[in-house]
Amino acid sequence: MVDSATAEKFLDSNPEFAKQYYDAKFRPKLVSDLLGGTRKSKVDTKAFHDLTSVEESEIVFDLIRDIQENLQMEGAVFNLMKHLAFMMRADCMSLFMYRQRNGTAELATRLFNVSKDSACMEVCLVQPDSEIVYPLDMGIVGHVATTKKMVNVPDVSQNAHFSDFVDTLTEYKTKSVLAMPIMNGKDMVAVMMAINKIGGPQFTSKDEEVFTKYMNFANLVLRVFHLSYLHNCETRRGQVLLWSASKVFEELTDVERQFHKALYTVRDFLNCDRYSVGLLDMTKTKEFFDLWPILMGEQVPYDGPKTPDGREVIFYKVIDYILHGKEDIKVIPNPSPDHWALVSGLPTYVAENGLICNIMNAPQDDLFSFQKEPLDSSGWTIKNVLSLPIVNKKEEIVGVATFYNRKDGKPFDEMDETLIESLTQFLGWSCLVCDTYDRMNKLENRKDIFQEMVNYHIKCRKDEIQNILNTRDRFGKEPEECEEEELQLILAEALPDSNTVGIFEFHFWDVWHSELDLVKCGVKMYYELGVVDKFHVPRSALVKFVYSLSKGYRAITYHNWRHGFNVGQTMFTLLMTGDLKRYYTELETMAMVTAGLCHDLDHRGTNNLYQVKSANPLAKLHGSSILERHHLDMGKTLLRDDQLNIYQNLSRSQHEFVIHLMDIAIIATDLALYFKKRTMFQKIVDQSKTYEDWNEWTKYMMLETTRKEIVMAMMMTACDLSAIAKPWEVQSKVALSVAAEFWEQGDLERTVLEQQPIPMMDRNKAPDLPKLQCGFIDFVCAFVYKEFSRFHVQITPMLDRLLNNRKEWNALKEEHEAKLAALETAKVEREEAVTAAAAAAAAAKLAKSQSKTCVIT
């Protein structure tokens with residue numbers, strides 16, 4: 001049997017074998033034991049002594065276990081400081097945490113007077129209300145944080161940075177100090193300080209080496225803690241902004257409700273016991289009746305604090321959110337100055353200066369007088385306070401948010417300021433949403449008011465309707481009080497005979513009729529379509545609607561009520577005389593004639609391009625087909641009035657359908673869209689020629705919604721241009737009216753916009769009108785009426801008159817060109833005569849100069 005001495009001798013002689021045997025048999029268990037959660041350091045720290053390598057290893061593993069086990073930063077750092085106090089033979093050690101409040105950096109005690117014999121961390125852990133705070137320009141610890149370098153002070157009495165106020169406070173005598181900063185990259189995290197070397201006058205270079213070596217553990221612990229804290233703060237910040245954003249945009253009508261929803265939703269992320277929001281009065285100037293008592297000396301002028309933009313600091317409401325104990329919300333309207341949330345003067349100060357105020361120890365604060373007694377029966381008192389202004393995008397302070405008592409008992413720090421500043425900044429910016437909504441509401445209300453004014457002037461008055469429905473003379477009552485049969489009796493007498501006035505004719509000319517007669521003709525067309533009885537159109541509403549249309553057109557040169565009626569009448573004639581009605585239902589024909597009558601409502605006598613050039617609000621309201629969309633809106637506005645709504649007895653689906661058709665028909669009058677639809681229309685006409693049976697084609701078309709809409713859109717163009725297809729005596733006069741209106745726009749472009757108008761709008765190019773008319777017929781009009789004549793031969797009279805008018809205009813053009821040619825010939829002859837005379841004079845002068853005759857005197 002081998003004894004221990006022999007085994008030891010063998011192992012000494014075979015070190016490689018010993019190492020392999022140890023690694024295989026003992027190392028795993030040893031490492032496991034060292035890192036085990038139940039193992040404690042066996043180093044005797046009762047008395048100072050030099051450490052063996054085994055003891056130092058024990059301490060290292062003890063520190064690693066602490067990092068592994070301790071979830072709190074303070075516990076791991078406390079054990080490290082105990083070991084350092086033993087290894088460096090320091091009487092005690094302290095940890096100062098770096099932070100910022102109100103934009104000012106400072107160091108606050110976190111672990112204080114830790115010695116090798118400290119048994120309980122709680123004794124050394126400094127509570128928030130007992131902190132010793134150093135600004136960075138005070139004390140050795142402040143100097144270390146400023147320079148970010150280790151400092152070894154052999155004798156503090158000889159050091160200019162030393163401050164003895166802690167010695168005075170604790171009745172302790174500091175002699176020597178060794179202090180080192182703890183950094184996270186370039187950011188200051190904390191300062192650790194060893195005080196008073198035991199057994200020597202000062203800390204040695206060896207102590208510095210030990211401090212530096214073991215500071216890596218403190219660096220690791222505090223860095224992890226710092227990063228974890230930053231991550232937590234950013235997470236809270238993200239949650240605060242996310243949740244507040246979700247609530248801010250739920251409430252658009254009122255800033256107060258908006259703030260309340262947002263602040264209540266994020267309450268769990270604010271990390272405080274209580275917070276209040278004071279809302280400021282936004283009145284900048286007093287009403288004259290409030291100023292009079294001051295100016296008369298009957299009332300003392302306000303001389304209290306004012307916001308940076310000059311408003312009186314008046315909190316019209318305080319909302320108090322209680323999170324400690326049982327959650328509660330208290331709303332205090334018109335709070336008195338002695339209310340606990342205002343009595344300190346802090347919200348007023350913040351509203352006046354716009355500064356962030358972070359107060360660590362509220363009861364002891366010198367500037368503000370916080371209530372020191374409990375605020376309620378729970379015994380809750382104010383300890384620390386963070387107050388921030390809520391500033392909108394106009395840089396006006398709209399309120400003050402004040403947060404009380406951080407939940408962990410610590411004072412609010414820089415990260416709390418950043419988080420809550422983000423919240424208040426977001427709330428301030430969100431005021432823009434409410435302001436915009438409020439402005440939109442005001443604009444909408446103004447629009448409604450102006451719309452009401454417009455309707456008042458456009459809408460057919462009770463005395464005006466008597467011009468057609470003279471119910472007062474006939475029955476002694478208003479039209480609304482009469483039965484439909486009674487109104488029908490009057491209309492049967494008042495409305496003209498269709499054949500007599502010629503509303504079925506393509507050559508109808510409005511000049512022989514008064515505007516009131518045209519109103520009657522308009523009403524008559526609805527009867528001829530057969531829609532009045534079928535769709536139960538109230539007679540009174542029908543008359544008032546057409547009468548109101550006549551008033552809705554402005555008294556301008558061409559695009560007036562007469563033009564509006566002519567377009568409606570041409571649509572009626574195309575349907576009835578042109579036999580296009582075969583493709584459409586009565587409901588559709590009613591919508592089409594109505595669209596024709598409404599198509600230029602409130603025309604201004606200028607075109608779409610002018611609206612854009614002049615930056616007219618219509619151009620900003622409608623992106624394309626500007627005036628057409630405005631005319632459509634005006635027509636819909638009239639139809640929304642119950643007394644004018646000729647569609648009031650339609651079903652919902654029928655009503656939506658006729659409005660849809662009106663949308664298409666009126667917007668189709670934009671000539672910019674004409675060139676997009678003409679090819680499609682031509683294909684429909686071509687397709688119609690492939691059918692031998694006209695009835696089959698009609699059945700097919702009646703089911704083809706899109707093709708019917710394209711034909712209707714082209715019909716609107718034909719109606720809008722129909723003056724070009726009237727008899728020459730009509731067309732020649734209408735063309736002058738159109739040109740006159742164009743010239744008026746040209747004058748505006750020249751004077752108002754300071755731009756040169758195009759030839760068609762230029763009054764100075766008036767003699768070119770025949771040439772322009774020929775070009776307009778060739779480029780725009782000819783296609784329309786040629787294709788409609790090919791589609792339905794009944795429409796051929798319009799093409800014939802168009803071609804005749806083309807000849808007339810061409811004759812005028814040739815006559816004008818002949819005059820121009822004659823003038824040009826005369827001009828050339830004059831120039832040639834002048835040139836010949838000049839040449840003769842020059843020749844005579846030359847001959848005279850070459851004469852050899854001598855004159856002797």
# chains A, B, ... in the order shown; residues from 1 in each chain; ligands from 1
$ residues_around --residues "A:Val224" --least-positions-apart "6" --cutoff "10 Å" --atoms "only C-alpha atoms" --output "VMD selection string"
chain A and resid 73 184 218 230
$ residues_around --residues "A:Glu505" --least-positions-apart "6" --cutoff "10 Å" --atoms "only C-alpha atoms" --output "PDB file with N, CA and C atoms, in the first residue's frame"
ATOM      1  N   SER A 498     -95.608  73.539 -75.494  1.00  0.00           N
ATOM      2  CA  SER A 498     -94.268  73.124 -75.917  1.00  0.00           C
ATOM      3  C   SER A 498     -94.031  73.400 -77.386  1.00  0.00           C
ATOM      4  N   ASN A 499     -95.000  73.099 -78.230  1.00  0.00           N
ATOM      5  CA  ASN A 499     -94.820  73.295 -79.669  1.00  0.00           C
ATOM      6  C   ASN A 499     -94.769  74.777 -80.028  1.00  0.00           C
ATOM      7  N   GLN A 569     -82.172  72.656 -72.509  1.00  0.00           N
ATOM      8  CA  GLN A 569     -83.148  72.462 -73.590  1.00  0.00           C
ATOM      9  C   GLN A 569     -82.578  71.605 -74.706  1.00  0.00           C
ATOM     10  N   THR A 570     -81.282  71.769 -75.015  1.00  0.00           N
ATOM     11  CA  THR A 570     -80.665  70.935 -76.051  1.00  0.00           C
ATOM     12  C   THR A 570     -80.604  69.488 -75.601  1.00  0.00           C
ATOM     13  N   PHE A 572     -82.736  68.082 -73.629  1.00  0.00           N
ATOM     14  CA  PHE A 572     -84.128  67.638 -73.781  1.00  0.00           C
ATOM     15  C   PHE A 572     -84.430  67.317 -75.254  1.00  0.00           C
ATOM     16  N   THR A 573     -83.956  68.165 -76.169  1.00  0.00           N
ATOM     17  CA  THR A 573     -84.226  67.961 -77.592  1.00  0.00           C
ATOM     18  C   THR A 573     -83.496  66.735 -78.129  1.00  0.00           C
ATOM     19  N   LEU A 574     -82.253  66.518 -77.693  1.00  0.00           N
ATOM     20  CA  LEU A 574     -81.525  65.321 -78.120  1.00  0.00           C
ATOM     21  C   LEU A 574     -82.252  64.056 -77.671  1.00  0.00           C
ATOM     22  N   MET A 576     -85.564  63.800 -76.905  1.00  0.00           N
ATOM     23  CA  MET A 576     -86.914  63.658 -77.463  1.00  0.00           C
ATOM     24  C   MET A 576     -86.894  63.684 -78.993  1.00  0.00           C
ATOM     25  N   THR A 577     -86.403  64.761 -79.566  1.00  0.00           N
ATOM     26  CA  THR A 577     -86.382  64.887 -81.019  1.00  0.00           C
ATOM     27  C   THR A 577     -85.287  64.019 -81.636  1.00  0.00           C
ATOM     28  N   GLY A 578     -84.151  63.973 -80.980  1.00  0.00           N
ATOM     29  CA  GLY A 578     -83.045  63.160 -81.486  1.00  0.00           C
ATOM     30  C   GLY A 578     -83.204  61.681 -81.192  1.00  0.00           C
ATOM     31  N   PRO A 797     -79.883  67.899 -88.464  1.00  0.00           N
ATOM     32  CA  PRO A 797     -80.032  69.361 -88.567  1.00  0.00           C
ATOM     33  C   PRO A 797     -78.940  70.140 -87.822  1.00  0.00           C
TER      34      PRO A 797
END
$ closest_residue --among "A:Ser378, A:Asn560, A:Asn361, A:Asn455" --to "A:Gly325" --atoms "only C-alpha atoms"
A:Ser378
$ residues_around --residues "A:Pro411" --least-positions-apart "3" --cutoff "8 Å" --atoms "only C-alpha atoms" --output "list in words"
Pro128, Ile359, Met360, Asn361, Asn384, Val385, Asn405 and Arg406 of chain A
$ write_last_selection --atoms "N, CA, C and O atoms" --output "short mmCIF file (atom, residue, chain, number, x, y, z; two decimals), in the first residue's frame"
data_model
loop_
_atom_site.label_atom_id
_atom_site.label_comp_id
_atom_site.auth_asym_id
_atom_site.auth_seq_id
_atom_site.Cartn_x
_atom_site.Cartn_y
_atom_site.Cartn_z
N PRO A 128 -33.12 58.11 -0.10
CA PRO A 128 -33.18 59.36 -0.87
C PRO A 128 -33.29 60.62 -0.03
O PRO A 128 -32.73 61.64 -0.39
N ILE A 359 -37.08 69.13 -8.03
CA ILE A 359 -36.79 69.45 -6.63
C ILE A 359 -36.64 68.15 -5.86
O ILE A 359 -37.57 67.34 -5.79
N MET A 360 -35.45 67.94 -5.27
CA MET A 360 -35.11 66.68 -4.62
C MET A 360 -35.78 66.53 -3.26
O MET A 360 -36.32 65.48 -2.92
N ASN A 361 -35.76 67.58 -2.48
CA ASN A 361 -36.30 67.52 -1.11
C ASN A 361 -37.29 68.67 -0.95
O ASN A 361 -36.95 69.75 -0.50
N ASN A 384 -40.50 64.64 -3.31
CA ASN A 384 -39.74 65.23 -4.41
C ASN A 384 -40.70 65.54 -5.56
O ASN A 384 -41.74 64.91 -5.71
N VAL A 385 -40.32 66.53 -6.36
CA VAL A 385 -41.24 67.09 -7.36
C VAL A 385 -40.49 67.33 -8.67
O VAL A 385 -39.33 67.76 -8.67
N ASN A 405 -43.21 62.54 -6.10
CA ASN A 405 -42.72 61.34 -5.41
C ASN A 405 -42.50 60.15 -6.35
O ASN A 405 -43.44 59.41 -6.68
N ARG A 406 -41.24 59.99 -6.77
CA ARG A 406 -40.91 58.82 -7.57
C ARG A 406 -41.17 57.57 -6.74
O ARG A 406 -40.93 57.54 -5.53
#
$ residues_around --residues "A:Val255" --least-positions-apart "2" --cutoff "7 Å" --atoms "only C-alpha atoms" --output "list of chain:residue names"
A:Arg257, A:Gln258, A:Phe259, A:Cys431, A:Cys434
$ closest_residue --among "A:Ser246, A:Thr796, A:Gln682, A:Gln202" --to "A:Ala725" --atoms "only C-alpha atoms"
A:Thr796
$ residues_around --residues "A:Glu817" --least-positions-apart "4" --cutoff "12 Å" --atoms "only C-alpha atoms" --output "PyMOL selection string"
chain A and resi 767-771+809-813+821-825
$ write_last_selection --atoms "N, CA, C and O atoms" --output "short mmCIF file (atom, residue, chain, number, x, y, z; two decimals), in the first residue's frame"
data_model
loop_
_atom_site.label_atom_id
_atom_site.label_comp_id
_atom_site.auth_asym_id
_atom_site.auth_seq_id
_atom_site.Cartn_x
_atom_site.Cartn_y
_atom_site.Cartn_z
N PRO A 767 -60.47 91.22 -84.70
CA PRO A 767 -60.72 90.94 -86.12
C PRO A 767 -60.43 89.49 -86.53
O PRO A 767 -60.90 89.05 -87.58
N ASP A 768 -59.67 88.78 -85.69
CA ASP A 768 -59.36 87.39 -86.02
C ASP A 768 -60.45 86.42 -85.58
O ASP A 768 -60.27 85.20 -85.68
N LEU A 769 -61.58 86.94 -85.08
CA LEU A 769 -62.64 86.06 -84.58
C LEU A 769 -63.11 85.05 -85.62
O LEU A 769 -63.27 83.87 -85.31
N PRO A 770 -63.39 85.43 -86.90
CA PRO A 770 -63.82 84.42 -87.87
C PRO A 770 -62.82 83.29 -88.03
O PRO A 770 -63.20 82.13 -88.13
N LYS A 771 -61.55 83.64 -88.06
CA LYS A 771 -60.51 82.61 -88.20
C LYS A 771 -60.51 81.68 -86.99
O LYS A 771 -60.41 80.46 -87.11
N TRP A 809 -68.54 81.75 -91.44
CA TRP A 809 -67.32 82.22 -90.76
C TRP A 809 -66.13 82.22 -91.72
O TRP A 809 -65.29 83.12 -91.68
N ASN A 810 -66.09 81.23 -92.56
CA ASN A 810 -64.99 81.16 -93.52
C ASN A 810 -65.06 82.33 -94.51
O ASN A 810 -64.04 82.90 -94.89
N ALA A 811 -66.30 82.66 -94.91
CA ALA A 811 -66.47 83.80 -95.81
C ALA A 811 -65.98 85.09 -95.15
O ALA A 811 -65.30 85.91 -95.77
N LEU A 812 -66.35 85.25 -93.87
CA LEU A 812 -65.88 86.42 -93.13
C LEU A 812 -64.37 86.39 -92.97
O LEU A 812 -63.71 87.44 -93.04
N LYS A 813 -63.83 85.20 -92.75
CA LYS A 813 -62.38 85.07 -92.62
C LYS A 813 -61.69 85.48 -93.92
O LYS A 813 -60.71 86.24 -93.91
N ALA A 821 -54.88 91.52 -97.07
CA ALA A 821 -54.00 91.42 -98.24
C ALA A 821 -53.96 92.73 -98.99
O ALA A 821 -52.89 93.17 -99.47
N ALA A 822 -55.15 93.37 -99.13
CA ALA A 822 -55.20 94.66 -99.80
C ALA A 822 -54.38 95.70 -99.06
O ALA A 822 -53.65 96.50 -99.66
N LEU A 823 -54.53 95.70 -97.77
CA LEU A 823 -53.74 96.63 -96.95
C LEU A 823 -52.26 96.36 -97.10
O LEU A 823 -51.44 97.29 -97.17
N GLU A 824 -51.91 95.10 -97.13
CA GLU A 824 -50.51 94.73 -97.27
C GLU A 824 -49.98 95.16 -98.63
O GLU A 824 -48.85 95.67 -98.75
N THR A 825 -50.83 94.98 -99.71
CA THR A 825 -50.43 95.39 -101.06
C THR A 825 -50.23 96.90 -101.12
O THR A 825 -49.24 97.40 -101.69
#
$ atom_distance --atom1 "atom CA of A:Asp517" --atom2 "atom CA of A:Met662"
24.7 Å
$ closest_residue --among "A:Ser624, A:Ser688, A:Asn358, A:Gln611" --to "A:Leu673" --atoms "only C-alpha atoms"
A:Ser624
$ closest_residue --among "A:Cys272, A:Ala833, A:Ala245, A:Val210" --to "A:Lys383" --atoms "only C-alpha atoms"
A:Cys272
$ atom_distance --atom1 "atom CA of A:Thr307" --atom2 "atom CA of A:Gly354"
7.8 Å
$ select_by_dssp --residues "stretch 95-177 of chain A" --states "strand (DSSP E or B)" --output "PyMOL selection string"
chain A and resi 95-101+104-114+125+133-135+151-153+177
$ residues_around --residues "A:Ala492" --least-positions-apart "4" --cutoff "12 Å" --atoms "only C-alpha atoms" --output "list in words"
Ile468, Leu469, Glu485, Glu486, Leu487, Gln488, Pro496, Asp497, Ser498, Lys520, Val523, Lys524, Tyr527 and Arg539 of chain A
$ residues_around --residues "A:Arg101" --least-positions-apart "6" --cutoff "12 Å" --atoms "only C-alpha atoms" --output "PyMOL selection string"
chain A and resi 107-108+133+135+356-360+384-387+411-418
$ closest_residue --among "A:Ala262, A:Ile556, A:Leu491, A:Ala541" --to "A:Asp642" --atoms "only C-alpha atoms"
A:Ala541
$ decode --residues "stretch 661-772 of chain A" --atoms "C-alpha atoms" --output "PDB file, in the first residue's frame"
ATOM      1  CA  LEU A 661     -75.374  60.568 -63.226  1.00  0.00           C
ATOM      2  CA  MET A 662     -75.258  64.292 -62.482  1.00  0.00           C
ATOM      3  CA  ASP A 663     -71.652  63.922 -61.326  1.00  0.00           C
ATOM      4  CA  ILE A 664     -70.673  62.349 -64.636  1.00  0.00           C
ATOM      5  CA  ALA A 665     -72.745  64.665 -66.822  1.00  0.00           C
ATOM      6  CA  ILE A 666     -71.610  67.984 -65.327  1.00  0.00           C
ATOM      7  CA  ILE A 667     -67.918  67.089 -65.015  1.00  0.00           C
ATOM      8  CA  ALA A 668     -68.039  65.820 -68.625  1.00  0.00           C
ATOM      9  CA  THR A 669     -68.594  69.426 -69.775  1.00  0.00           C
ATOM     10  CA  ASP A 670     -64.888  70.073 -69.087  1.00  0.00           C
ATOM     11  CA  LEU A 671     -63.458  70.250 -72.615  1.00  0.00           C
ATOM     12  CA  ALA A 672     -60.170  68.895 -71.252  1.00  0.00           C
ATOM     13  CA  LEU A 673     -61.980  65.559 -70.874  1.00  0.00           C
ATOM     14  CA  TYR A 674     -63.638  65.742 -74.306  1.00  0.00           C
ATOM     15  CA  PHE A 675     -60.606  64.400 -76.173  1.00  0.00           C
ATOM     16  CA  LYS A 676     -60.420  61.409 -73.828  1.00  0.00           C
ATOM     17  CA  LYS A 677     -63.976  60.277 -74.524  1.00  0.00           C
ATOM     18  CA  ARG A 678     -64.397  60.991 -78.255  1.00  0.00           C
ATOM     19  CA  THR A 679     -62.618  57.813 -79.412  1.00  0.00           C
ATOM     20  CA  MET A 680     -64.751  55.676 -77.111  1.00  0.00           C
ATOM     21  CA  PHE A 681     -67.887  57.387 -78.413  1.00  0.00           C
ATOM     22  CA  GLN A 682     -66.811  56.808 -82.010  1.00  0.00           C
ATOM     23  CA  LYS A 683     -66.415  53.082 -81.315  1.00  0.00           C
ATOM     24  CA  ILE A 684     -69.974  52.970 -79.907  1.00  0.00           C
ATOM     25  CA  VAL A 685     -71.282  54.667 -83.058  1.00  0.00           C
ATOM     26  CA  ASP A 686     -69.332  52.213 -85.207  1.00  0.00           C
ATOM     27  CA  GLN A 687     -70.744  49.326 -83.187  1.00  0.00           C
ATOM     28  CA  SER A 688     -74.310  50.597 -83.707  1.00  0.00           C
ATOM     29  CA  LYS A 689     -73.849  50.304 -87.484  1.00  0.00           C
ATOM     30  CA  THR A 690     -73.186  46.576 -87.146  1.00  0.00           C
ATOM     31  CA  TYR A 691     -76.797  46.005 -86.022  1.00  0.00           C
ATOM     32  CA  GLU A 692     -79.416  45.600 -88.736  1.00  0.00           C
ATOM     33  CA  ASP A 693     -82.303  45.561 -86.256  1.00  0.00           C
ATOM     34  CA  TRP A 694     -82.562  48.908 -84.475  1.00  0.00           C
ATOM     35  CA  ASN A 695     -84.648  47.403 -81.659  1.00  0.00           C
ATOM     36  CA  GLU A 696     -81.923  44.835 -80.936  1.00  0.00           C
ATOM     37  CA  TRP A 697     -79.380  47.617 -80.708  1.00  0.00           C
ATOM     38  CA  THR A 698     -81.669  49.528 -78.365  1.00  0.00           C
ATOM     39  CA  LYS A 699     -82.085  46.507 -76.074  1.00  0.00           C
ATOM     40  CA  TYR A 700     -78.332  46.002 -76.042  1.00  0.00           C
ATOM     41  CA  MET A 701     -77.606  49.649 -75.209  1.00  0.00           C
ATOM     42  CA  MET A 702     -80.200  49.819 -72.447  1.00  0.00           C
ATOM     43  CA  LEU A 703     -78.240  47.154 -70.556  1.00  0.00           C
ATOM     44  CA  GLU A 704     -74.795  48.668 -71.202  1.00  0.00           C
ATOM     45  CA  THR A 705     -74.319  51.114 -68.315  1.00  0.00           C
ATOM     46  CA  THR A 706     -70.826  52.256 -69.279  1.00  0.00           C
ATOM     47  CA  ARG A 707     -71.706  52.873 -72.937  1.00  0.00           C
ATOM     48  CA  LYS A 708     -74.787  54.842 -71.884  1.00  0.00           C
ATOM     49  CA  GLU A 709     -72.639  56.999 -69.610  1.00  0.00           C
ATOM     50  CA  ILE A 710     -70.162  57.675 -72.441  1.00  0.00           C
ATOM     51  CA  VAL A 711     -73.003  58.662 -74.800  1.00  0.00           C
ATOM     52  CA  MET A 712     -74.494  60.867 -72.037  1.00  0.00           C
ATOM     53  CA  ALA A 713     -71.116  62.561 -71.479  1.00  0.00           C
ATOM     54  CA  MET A 714     -70.796  63.275 -75.212  1.00  0.00           C
ATOM     55  CA  MET A 715     -74.390  64.562 -75.252  1.00  0.00           C
ATOM     56  CA  MET A 716     -73.408  67.074 -72.550  1.00  0.00           C
ATOM     57  CA  THR A 717     -70.543  68.268 -74.745  1.00  0.00           C
ATOM     58  CA  ALA A 718     -72.902  68.589 -77.735  1.00  0.00           C
ATOM     59  CA  CYS A 719     -75.335  70.568 -75.560  1.00  0.00           C
ATOM     60  CA  ASP A 720     -72.636  72.848 -74.160  1.00  0.00           C
ATOM     61  CA  LEU A 721     -71.399  73.633 -77.686  1.00  0.00           C
ATOM     62  CA  SER A 722     -74.893  73.758 -79.211  1.00  0.00           C
ATOM     63  CA  ALA A 723     -74.743  77.523 -79.944  1.00  0.00           C
ATOM     64  CA  ILE A 724     -72.321  76.678 -82.766  1.00  0.00           C
ATOM     65  CA  ALA A 725     -75.075  74.563 -84.393  1.00  0.00           C
ATOM     66  CA  LYS A 726     -77.840  77.167 -84.207  1.00  0.00           C
ATOM     67  CA  PRO A 727     -79.031  79.106 -87.256  1.00  0.00           C
ATOM     68  CA  TRP A 728     -76.527  81.700 -88.486  1.00  0.00           C
ATOM     69  CA  GLU A 729     -78.507  84.671 -87.184  1.00  0.00           C
ATOM     70  CA  VAL A 730     -78.379  83.078 -83.719  1.00  0.00           C
ATOM     71  CA  GLN A 731     -74.834  81.755 -83.900  1.00  0.00           C
ATOM     72  CA  SER A 732     -73.307  85.031 -85.091  1.00  0.00           C
ATOM     73  CA  LYS A 733     -74.763  86.930 -82.114  1.00  0.00           C
ATOM     74  CA  VAL A 734     -73.936  84.230 -79.559  1.00  0.00           C
ATOM     75  CA  ALA A 735     -70.361  84.022 -80.840  1.00  0.00           C
ATOM     76  CA  LEU A 736     -69.938  87.723 -80.130  1.00  0.00           C
ATOM     77  CA  SER A 737     -71.224  87.193 -76.565  1.00  0.00           C
ATOM     78  CA  VAL A 738     -68.773  84.348 -76.049  1.00  0.00           C
ATOM     79  CA  ALA A 739     -65.920  86.409 -77.482  1.00  0.00           C
ATOM     80  CA  ALA A 740     -66.872  89.387 -75.312  1.00  0.00           C
ATOM     81  CA  GLU A 741     -66.648  87.229 -72.179  1.00  0.00           C
ATOM     82  CA  PHE A 742     -63.295  85.837 -73.314  1.00  0.00           C
ATOM     83  CA  TRP A 743     -62.018  89.370 -73.912  1.00  0.00           C
ATOM     84  CA  GLU A 744     -63.133  90.348 -70.414  1.00  0.00           C
ATOM     85  CA  GLN A 745     -61.008  87.517 -69.041  1.00  0.00           C
ATOM     86  CA  GLY A 746     -58.128  88.669 -71.253  1.00  0.00           C
ATOM     87  CA  ASP A 747     -58.441  92.155 -69.776  1.00  0.00           C
ATOM     88  CA  LEU A 748     -58.217  90.647 -66.280  1.00  0.00           C
ATOM     89  CA  GLU A 749     -55.149  88.643 -67.250  1.00  0.00           C
ATOM     90  CA  ARG A 750     -53.495  91.747 -68.639  1.00  0.00           C
ATOM     91  CA  THR A 751     -54.357  94.062 -65.714  1.00  0.00           C
ATOM     92  CA  VAL A 752     -54.662  91.846 -62.656  1.00  0.00           C
ATOM     93  CA  LEU A 753     -52.278  88.998 -63.465  1.00  0.00           C
ATOM     94  CA  GLU A 754     -50.013  91.199 -65.629  1.00  0.00           C
ATOM     95  CA  GLN A 755     -49.833  88.483 -68.281  1.00  0.00           C
ATOM     96  CA  GLN A 756     -50.331  88.554 -72.020  1.00  0.00           C
ATOM     97  CA  PRO A 757     -53.582  86.705 -72.868  1.00  0.00           C
ATOM     98  CA  ILE A 758     -53.792  84.113 -75.614  1.00  0.00           C
ATOM     99  CA  PRO A 759     -55.184  85.372 -78.975  1.00  0.00           C
ATOM    100  CA  MET A 760     -58.670  84.002 -78.270  1.00  0.00           C
ATOM    101  CA  MET A 761     -58.807  86.114 -75.074  1.00  0.00           C
ATOM    102  CA  ASP A 762     -57.077  89.172 -76.546  1.00  0.00           C
ATOM    103  CA  ARG A 763     -59.413  92.066 -77.334  1.00  0.00           C
ATOM    104  CA  ASN A 764     -56.793  93.461 -79.674  1.00  0.00           C
ATOM    105  CA  LYS A 765     -57.165  90.366 -81.854  1.00  0.00           C
ATOM    106  CA  ALA A 766     -60.930  90.823 -82.311  1.00  0.00           C
ATOM    107  CA  PRO A 767     -60.721  90.937 -86.125  1.00  0.00           C
ATOM    108  CA  ASP A 768     -59.359  87.387 -86.016  1.00  0.00           C
ATOM    109  CA  LEU A 769     -62.640  86.064 -84.577  1.00  0.00           C
ATOM    110  CA  PRO A 770     -63.824  84.423 -87.872  1.00  0.00           C
ATOM    111  CA  LYS A 771     -60.515  82.609 -88.203  1.00  0.00           C
ATOM    112  CA  LEU A 772     -60.677  81.461 -84.576  1.00  0.00           C
TER     113      LEU A 772
END
